[in-house]
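K.L.:
Following this line is work-v9.txt, made up of compact mmCIF, C-alpha atoms:
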# COMPACT_ATOMS: atom_id res chain seq x y z
CA MET A 1 111.17 98.51 90.45
CA GLU A 2 108.30 97.38 92.64
CA VAL A 3 105.32 99.75 92.91
CA PHE A 4 105.60 100.24 96.65
CA GLN A 5 109.34 100.84 96.49
CA ALA A 6 108.77 103.60 93.89
CA ILE A 7 106.00 105.18 95.95
CA ARG A 8 108.00 105.01 99.17
CA ASN A 9 111.37 106.21 97.87
CA ARG A 10 110.42 108.84 95.28
CA ARG A 11 111.47 112.29 96.43
CA SER A 12 110.91 115.68 94.84
CA ILE A 13 114.15 116.47 93.01
CA ARG A 14 114.96 120.10 92.26
CA ARG A 15 118.62 119.85 91.26
CA PHE A 16 119.53 117.95 88.15
CA THR A 17 122.71 117.02 86.30
CA ASP A 18 123.29 118.43 82.82
CA GLN A 19 122.73 115.03 81.21
CA PRO A 20 119.84 115.25 78.74
CA LEU A 21 116.94 112.81 78.89
CA PRO A 22 116.84 110.40 75.94
CA LYS A 23 113.80 110.53 73.68
CA ASP A 24 112.82 106.95 74.53
CA ALA A 25 112.83 107.76 78.25
CA LEU A 26 110.47 110.70 77.66
CA ASP A 27 108.27 108.46 75.49
CA LYS A 28 108.04 105.93 78.30
CA LEU A 29 106.98 108.66 80.76
CA LEU A 30 104.30 109.93 78.36
CA GLU A 31 103.14 106.36 77.93
CA ALA A 32 102.81 106.10 81.73
CA ALA A 33 100.76 109.30 81.78
CA ARG A 34 98.49 108.09 79.00
CA TRP A 35 97.26 105.14 81.08
CA ALA A 36 96.14 107.11 84.10
CA PRO A 37 92.46 106.89 85.00
CA CYS A 38 90.33 109.80 83.83
CA GLY A 39 86.70 110.83 84.09
CA GLY A 40 84.64 109.41 81.21
CA ASN A 41 87.90 108.37 79.49
CA LEU A 42 87.92 111.91 78.05
CA GLN A 43 91.75 112.15 78.16
CA ARG A 44 91.73 115.91 78.07
CA TRP A 45 95.38 115.95 79.06
CA ARG A 46 98.04 117.23 76.67
CA PHE A 47 101.77 117.31 77.37
CA VAL A 48 104.16 119.89 76.06
CA VAL A 49 107.65 118.47 76.38
CA VAL A 50 110.07 121.38 76.64
CA THR A 51 113.66 120.60 75.80
CA SER A 52 114.68 123.69 73.83
CA PRO A 53 117.25 125.65 75.90
CA SER A 54 115.74 129.04 75.01
CA THR A 55 112.22 127.92 75.95
CA LYS A 56 113.48 126.44 79.22
CA GLU A 57 115.21 129.73 80.04
CA LEU A 58 112.00 131.65 79.41
CA ILE A 59 109.92 129.28 81.50
CA LYS A 60 112.38 129.44 84.38
CA LYS A 61 111.80 133.19 84.59
CA PHE A 62 108.13 132.57 85.31
CA ALA A 63 108.45 129.66 87.71
CA PRO A 64 110.67 131.17 90.36
CA GLY A 65 112.67 129.12 92.81
CA ILE A 66 111.51 125.77 91.55
CA PHE A 67 113.60 125.01 88.51
CA ASP A 68 117.26 125.43 89.15
CA MET A 69 118.90 123.22 86.56
CA PRO A 70 116.24 121.28 84.72
CA ALA A 71 117.23 118.97 81.95
CA ALA A 72 113.70 118.96 80.59
CA PHE A 73 110.19 120.13 81.42
CA ILE A 74 106.83 118.62 80.86
CA VAL A 75 103.90 120.97 81.16
CA VAL A 76 100.64 119.12 81.56
CA CYS A 77 97.78 120.83 79.78
CA VAL A 78 94.18 119.93 79.15
CA GLN A 79 91.39 121.01 76.89
CA THR A 80 88.93 123.00 78.93
CA VAL A 81 85.88 122.36 76.81
CA GLN A 82 82.73 124.16 77.80
CA SER A 83 80.82 121.68 79.85
CA LYS A 84 77.55 121.53 81.69
CA HIS A 85 79.02 119.01 84.07
CA HIS A 86 79.17 120.50 87.53
CA ARG A 87 82.48 119.06 88.72
CA ASP A 88 84.19 119.38 85.41
CA GLU A 89 87.06 121.65 86.36
CA ALA A 90 87.86 119.54 89.41
CA THR A 91 87.70 116.38 87.31
CA TYR A 92 90.29 117.47 84.81
CA LEU A 93 92.66 118.70 87.48
CA ALA A 94 92.27 115.35 89.25
CA ASP A 95 92.83 113.47 85.96
CA CYS A 96 95.98 115.45 85.15
CA SER A 97 97.29 115.04 88.69
CA MET A 98 96.95 111.27 88.49
CA ALA A 99 98.73 111.30 85.13
CA ALA A 100 101.46 113.43 86.75
CA GLU A 101 101.86 110.90 89.56
CA ASN A 102 102.23 108.13 86.97
CA ILE A 103 105.00 110.15 85.31
CA MET A 104 106.79 110.75 88.61
CA LEU A 105 106.63 107.12 89.77
CA GLN A 106 107.73 105.74 86.41
CA ALA A 107 110.53 108.34 86.27
CA HIS A 108 111.76 107.29 89.70
CA ALA A 109 111.77 103.65 88.57
CA MET A 110 114.01 104.75 85.68
CA GLY A 111 116.42 106.75 87.85
CA ILE A 112 114.96 110.09 86.73
CA GLY A 113 114.11 112.78 89.27
CA THR A 114 111.01 114.95 89.08
CA CYS A 115 109.30 117.84 90.83
CA VAL A 116 105.73 118.91 90.26
CA ALA A 117 104.39 122.45 90.62
CA LEU A 118 101.07 124.20 90.23
CA SER A 119 102.29 127.67 91.14
CA TYR A 120 103.80 129.45 88.19
CA ALA A 121 102.85 132.33 85.95
CA LYS A 122 100.23 130.61 83.81
CA ILE A 123 99.66 133.61 81.55
CA ALA A 124 103.34 133.87 80.66
CA VAL A 125 103.75 130.13 80.16
CA ARG A 126 100.66 130.11 77.96
CA GLN A 127 102.30 132.70 75.71
CA ILE A 128 105.72 131.03 75.69
CA LEU A 129 104.24 127.68 74.66
CA ASN A 130 101.53 129.08 72.33
CA VAL A 131 98.79 127.41 74.32
CA PRO A 132 95.38 128.23 72.77
CA GLU A 133 92.64 129.99 74.73
CA ASP A 134 90.54 126.87 75.23
CA VAL A 135 93.45 124.91 76.71
CA GLU A 136 94.67 125.56 80.24
CA PRO A 137 98.17 125.08 81.64
CA LEU A 138 97.83 123.07 84.85
CA LEU A 139 100.73 121.12 86.34
CA MET A 140 104.38 121.59 85.50
CA ILE A 141 106.83 118.74 86.05
CA THR A 142 110.56 119.30 85.93
CA LEU A 143 112.64 116.28 85.04
CA GLY A 144 116.26 115.25 84.95
CA TYR A 145 118.86 112.95 86.37
CA PRO A 146 119.16 113.77 90.09
CA ALA A 147 122.04 115.88 91.39
CA GLU A 148 120.77 115.60 94.96
CA ALA A 149 119.41 112.87 97.22
CA PRO A 150 117.05 114.56 99.70
CA GLU A 151 116.04 112.92 102.96
CA PRO A 152 112.37 111.90 103.21
CA PRO A 153 110.24 114.74 104.59
CA PRO A 154 108.54 114.18 107.96
CA LYS A 155 105.15 112.57 107.36
CA LEU A 156 102.07 112.29 109.55
CA ALA A 157 101.54 108.78 110.91
CA LEU A 158 98.54 106.70 109.86
CA PRO A 159 96.57 107.31 113.08
CA GLU A 160 96.76 111.04 112.34
CA ILE A 161 95.34 110.78 108.83
CA ALA A 162 93.13 107.67 108.75
CA PHE A 163 89.73 107.20 110.38
CA LEU A 164 87.34 104.27 110.55
CA ASP A 165 83.78 104.72 109.26
CA GLU A 166 83.50 108.34 110.34
CA TYR A 167 85.70 111.40 110.50
CA GLY A 168 87.72 111.52 113.70
CA LYS A 169 87.04 107.92 114.73
CA GLU A 170 90.19 105.97 115.46
CA TRP A 171 91.53 103.76 112.66
CA LYS A 172 92.55 100.51 114.28
CA MET B 1 104.80 94.17 90.50
CA GLU B 2 106.84 96.52 88.34
CA VAL B 3 105.72 100.17 88.27
CA PHE B 4 105.03 100.26 84.55
CA GLN B 5 103.10 97.01 84.62
CA ALA B 6 100.84 98.40 87.36
CA ILE B 7 100.32 101.67 85.46
CA ARG B 8 99.62 99.87 82.18
CA ASN B 9 97.34 97.12 83.45
CA ARG B 10 95.32 98.83 86.18
CA ARG B 11 91.68 99.16 85.16
CA SER B 12 88.77 100.85 86.92
CA ILE B 13 86.93 98.03 88.68
CA ARG B 14 83.27 98.57 89.57
CA ARG B 15 82.20 95.03 90.43
CA PHE B 16 83.74 93.34 93.43
CA THR B 17 83.49 89.96 95.14
CA ASP B 18 82.08 89.77 98.67
CA GLN B 19 85.50 89.00 100.11
CA PRO B 20 86.42 91.66 102.68
CA LEU B 21 89.75 93.46 102.52
CA PRO B 22 92.15 92.55 105.34
CA LYS B 23 93.18 95.33 107.70
CA ASP B 24 96.84 94.96 106.73
CA ALA B 25 95.98 95.44 103.04
CA LEU B 26 94.13 98.67 103.85
CA ASP B 27 97.07 99.79 105.98
CA LYS B 28 99.42 99.22 103.06
CA LEU B 29 97.20 101.31 100.77
CA LEU B 30 97.07 104.14 103.31
CA GLU B 31 100.82 103.90 103.60
CA ALA B 32 101.07 104.29 99.81
CA ALA B 33 98.83 107.37 99.97
CA ARG B 34 100.88 108.91 102.76
CA TRP B 35 104.02 109.08 100.58
CA ALA B 36 102.49 110.98 97.69
CA PRO B 37 104.01 114.37 96.92
CA CYS B 38 102.12 117.35 98.28
CA GLY B 39 102.47 121.11 98.20
CA GLY B 40 104.63 122.39 101.05
CA ASN B 41 104.46 118.89 102.62
CA LEU B 42 101.21 120.09 104.22
CA GLN B 43 99.59 116.63 104.02
CA ARG B 44 96.09 118.01 104.31
CA TRP B 45 94.69 114.67 103.19
CA ARG B 46 92.59 112.56 105.54
CA PHE B 47 91.16 109.15 104.72
CA VAL B 48 87.91 107.80 106.08
CA VAL B 49 87.96 104.04 105.57
CA VAL B 50 84.38 102.86 105.36
CA THR B 51 83.80 99.19 106.05
CA SER B 52 80.61 99.28 108.14
CA PRO B 53 77.78 97.70 106.09
CA SER B 54 75.21 100.29 107.20
CA THR B 55 77.49 103.20 106.30
CA LYS B 56 78.31 101.63 102.93
CA GLU B 57 74.59 101.24 102.21
CA LEU B 58 74.00 104.92 103.04
CA ILE B 59 76.89 106.10 100.89
CA LYS B 60 75.76 103.98 97.94
CA LYS B 61 72.47 105.90 97.93
CA PHE B 62 74.38 109.12 97.29
CA ALA B 63 76.89 107.87 94.77
CA PRO B 64 74.59 106.46 92.11
CA GLY B 65 75.70 103.95 89.52
CA ILE B 66 79.27 103.77 90.67
CA PHE B 67 79.31 101.44 93.63
CA ASP B 68 77.55 98.22 92.89
CA MET B 69 79.11 95.78 95.31
CA PRO B 70 81.92 97.48 97.13
CA ALA B 71 83.84 95.57 99.74
CA ALA B 72 85.16 98.82 101.21
CA PHE B 73 85.36 102.55 100.52
CA ILE B 74 88.00 105.08 101.10
CA VAL B 75 86.88 108.67 101.00
CA VAL B 76 89.76 111.06 100.61
CA CYS B 77 89.24 114.26 102.56
CA VAL B 78 91.39 117.26 103.26
CA GLN B 79 91.45 120.13 105.66
CA THR B 80 90.45 123.26 103.82
CA VAL B 81 92.24 125.73 106.00
CA GLN B 82 91.73 129.38 105.19
CA SER B 83 94.68 130.32 103.11
CA LYS B 84 96.00 133.36 101.39
CA HIS B 85 97.69 131.16 98.86
CA HIS B 86 96.16 131.78 95.46
CA ARG B 87 96.20 128.26 94.06
CA ASP B 88 95.40 126.59 97.34
CA GLU B 89 92.21 124.80 96.41
CA ALA B 90 93.77 123.44 93.24
CA THR B 91 96.84 122.35 95.20
CA TYR B 92 94.98 120.24 97.67
CA LEU B 93 92.88 118.59 94.98
CA ALA B 94 96.08 117.81 93.06
CA ASP B 95 97.72 116.46 96.25
CA CYS B 96 94.76 114.21 97.05
CA SER B 97 94.54 113.00 93.46
CA MET B 98 98.20 111.95 93.48
CA ALA B 99 97.61 110.14 96.80
CA ALA B 100 94.59 108.45 95.18
CA GLU B 101 96.69 107.28 92.25
CA ASN B 102 99.23 105.82 94.69
CA ILE B 103 96.39 103.89 96.36
CA MET B 104 95.08 102.60 93.03
CA LEU B 105 98.48 101.49 91.72
CA GLN B 106 99.45 99.81 94.97
CA ALA B 107 96.02 98.14 95.14
CA HIS B 108 96.45 96.77 91.63
CA ALA B 109 99.86 95.40 92.58
CA MET B 110 98.10 93.58 95.47
CA GLY B 111 95.31 92.17 93.30
CA ILE B 112 92.77 94.67 94.62
CA GLY B 113 90.48 96.56 92.24
CA THR B 114 89.60 100.24 92.63
CA CYS B 115 87.50 102.94 91.07
CA VAL B 116 87.82 106.64 91.80
CA ALA B 117 85.00 109.17 91.65
CA LEU B 118 84.59 112.89 92.21
CA SER B 119 80.88 113.07 91.44
CA TYR B 120 78.76 112.16 94.41
CA ALA B 121 76.49 113.98 96.83
CA LYS B 122 79.12 115.71 98.96
CA ILE B 123 76.61 117.21 101.37
CA ALA B 124 75.05 113.83 102.15
CA VAL B 125 78.39 112.07 102.47
CA ARG B 126 79.61 114.84 104.77
CA GLN B 127 76.67 114.16 107.07
CA ILE B 128 76.98 110.37 106.91
CA LEU B 129 80.67 110.48 107.83
CA ASN B 130 80.42 113.39 110.30
CA VAL B 131 82.91 115.44 108.33
CA PRO B 132 83.43 118.84 110.01
CA GLU B 133 82.75 122.11 108.23
CA ASP B 134 86.42 122.95 107.66
CA VAL B 135 87.12 119.60 106.00
CA GLU B 136 85.97 118.88 102.47
CA PRO B 137 85.10 115.51 100.94
CA LEU B 138 86.98 115.24 97.66
CA LEU B 139 87.69 111.92 95.98
CA MET B 140 85.95 108.64 96.72
CA ILE B 141 87.70 105.36 95.97
CA THR B 142 85.83 102.08 95.99
CA LEU B 143 87.91 99.00 96.68
CA GLY B 144 87.54 95.25 96.61
CA TYR B 145 88.69 92.06 94.99
CA PRO B 146 87.69 92.26 91.31
CA ALA B 147 84.65 90.40 90.02
CA GLU B 148 85.25 91.67 86.50
CA ALA B 149 88.21 92.04 84.12
CA PRO B 150 87.42 94.96 81.82
CA GLU B 151 89.20 95.45 78.52
CA PRO B 152 91.51 98.50 78.33
CA PRO B 153 89.61 101.59 77.16
CA PRO B 154 90.66 103.11 73.83
CA LYS B 155 93.40 105.65 74.46
CA LEU B 156 94.71 108.51 72.35
CA ALA B 157 98.11 107.79 70.83
CA LEU B 158 101.18 109.76 71.89
CA PRO B 159 101.24 111.98 68.76
CA GLU B 160 97.72 113.13 69.67
CA ILE B 161 98.58 114.19 73.21
CA ALA B 162 102.28 115.12 73.22
CA PHE B 163 103.91 118.18 71.69
CA LEU B 164 107.50 119.35 71.44
CA ASP B 165 108.41 122.77 72.87
CA GLU B 166 105.12 124.39 71.97
CA TYR B 167 101.48 123.46 71.89
CA GLY B 168 100.53 121.76 68.62
CA LYS B 169 104.09 121.16 67.44
CA GLU B 170 104.74 117.55 66.52
CA TRP B 171 106.38 115.38 69.17
CA LYS B 172 109.01 113.31 67.40
Show me, as C-alpha cells, the structure contained in the file I just sent.

P.N.:
Amino acid sequence: MEVFQAIRNRRSIRRFTDQPLPKDALDKLLEAARWAPCGGNLQRWRFVVVTSPSTKELIKKFAPGIFDMPAAFIVVCVQTVQSKHHRDEATYLADCSMAAENIMLQAHAMGIGTCVALSYAKIAVRQILNVPEDVEPLLMITLGYPAEAPEPPPKLALPEIAFLDEYGKEWK
Amino acid sequence: MEVFQAIRNRRSIRRFTDQPLPKDALDKLLEAARWAPCGGNLQRWRFVVVTSPSTKELIKKFAPGIFDMPAAFIVVCVQTVQSKHHRDEATYLADCSMAAENIMLQAHAMGIGTCVALSYAKIAVRQILNVPEDVEPLLMITLGYPAEAPEPPPKLALPEIAFLDEYGKEWK
C-alpha cells in the first residue's frame, strides 16, 4: 500500500474479530517500529507483546472503555535512564510515538486495525507486565483484524492549521 | 512508495540542496500530518511553514548544529489549552509526534529529506514566529531535497527490544 493511502485511510479500530495475529505479522510491525527516528539513536523503546488471554483480561480491567475485543496488545515502553538532558522525557515520548505511528501505518497496510492510548492505569500495567522501576509504560496499542469500519472523523482544513512564516498568518 | 519501504529507508537528512520545495509538495505533507491519530480528535496541532529566508536565518541561530542548509522548516505547534485531563501534555506531544512521523514518511515517499528536532531555543522561536502564549512550540522538522545519503544507523535487533507477555521475557 502506498504511504499516503495508509496515512489517509487508517482509522482507529476498537472492535476486532477473534482471529489471532500471526507471529510473522507481529514481527513485521515490530520491525516497522524499530526503524522510527529517535533522538541520538538511543532506541530506548521496548515493546511488550501481550497475547496471553489471562494477561489481556487483566490489562483490560485497567484500560477502561478502550479495549473491547483485542486480539493482541503491544505496550510500548522505554528505559527512563537518569539524564542531564533537559528535554529528555519529551524526547522519549516523541520517539515512542513515532514508533507507534510506524506500527499503526504498517498494520493498516497489512489489513490489521489498531488503536493507540496513553490513558490507562500505568501502575497496574507495570505490575501486570513486571516492568522494572527504571522503565516506564508509555503508549498502549491494541491490535487485531477489524470488526468495524468507522467513518473518517471530521478534520480541520489546512487553512485552519497551517500558517506561513509566522503564527496566524495565512498559508496560501 | 510502499509503507514498509518508506519506514525502512527513511533517514534523517541534515544537508539539503538549494532547490525550494513546491507549494503543492508542502500541502501534501500538511495533508499527511492532518490525518494522524490524535486524542479525542482534538487536533491541537498547528504548523508554521517557514520559507522566508530572513526567518530561516533567525531560526538557525537558535537551533544550533541541526539546520545547515534547510530549504524549508515546519515547526509543529499545538494549543495548550488549560485542561483537567491528567495526561494532557503527554497526549498532545504524542499527537504531534505521530503527525511529524506522517510528514517524514510522506516526504521520503516524495523524495524529500527531513530531520526532526525537539531541542531548540523555544523562547526565541516563539518570538520569531509570533507564537501566542497559549500555544507551545514542540517539534521542528527541517525539509528539503537531500544533499546527502546517510547509511542506516545501527539498530537494536528485535530480541533486544521485544518481549512476550511480560517485560524481559523472550519474544519468540

K.L.:
What are the residues of chain B lining chain A at 6 Å or less? Count only C-alpha atoms, and put the answer as number ranges by chain.

P.N.:
B: 1-3, 8, 35, 46-50, 94, 97-98, 101, 129-131, 161-167

K.L.:
Skipping near chain neighbours, those fewer than 3 positions away, what residues fall within 9 Å of Phe62 (chain B) using all atoms listed in the file, listed as a ChimeraX atom specification?

P.N.:
/B:58-59,120-122,124-125

K.L.:
In Å, how far is it from CA of Leu143 (chain B) to CA of Thr114 (chain B)?

P.N.:
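So the two atoms, CA of Leu143 (chain B) and CA of Thr114 (chain B), lie 4.6 Å apart.
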
K.L.:
What is the CA of Pro64 (chain B)-CA of Ala25 (chain B) distance in Å, reported with one decimal?

P.N.:
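If I compute the distance from CA of Pro64 (chain B) to CA of Ala25 (chain B), I get 26.4 Å.
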
K.L.:
State, in Å with one decimal place, the distance from CA of Tyr145 (chain A) to CA of Tyr92 (chain B).

P.N.:
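Here the two named atoms are 27.4 Å from each other.
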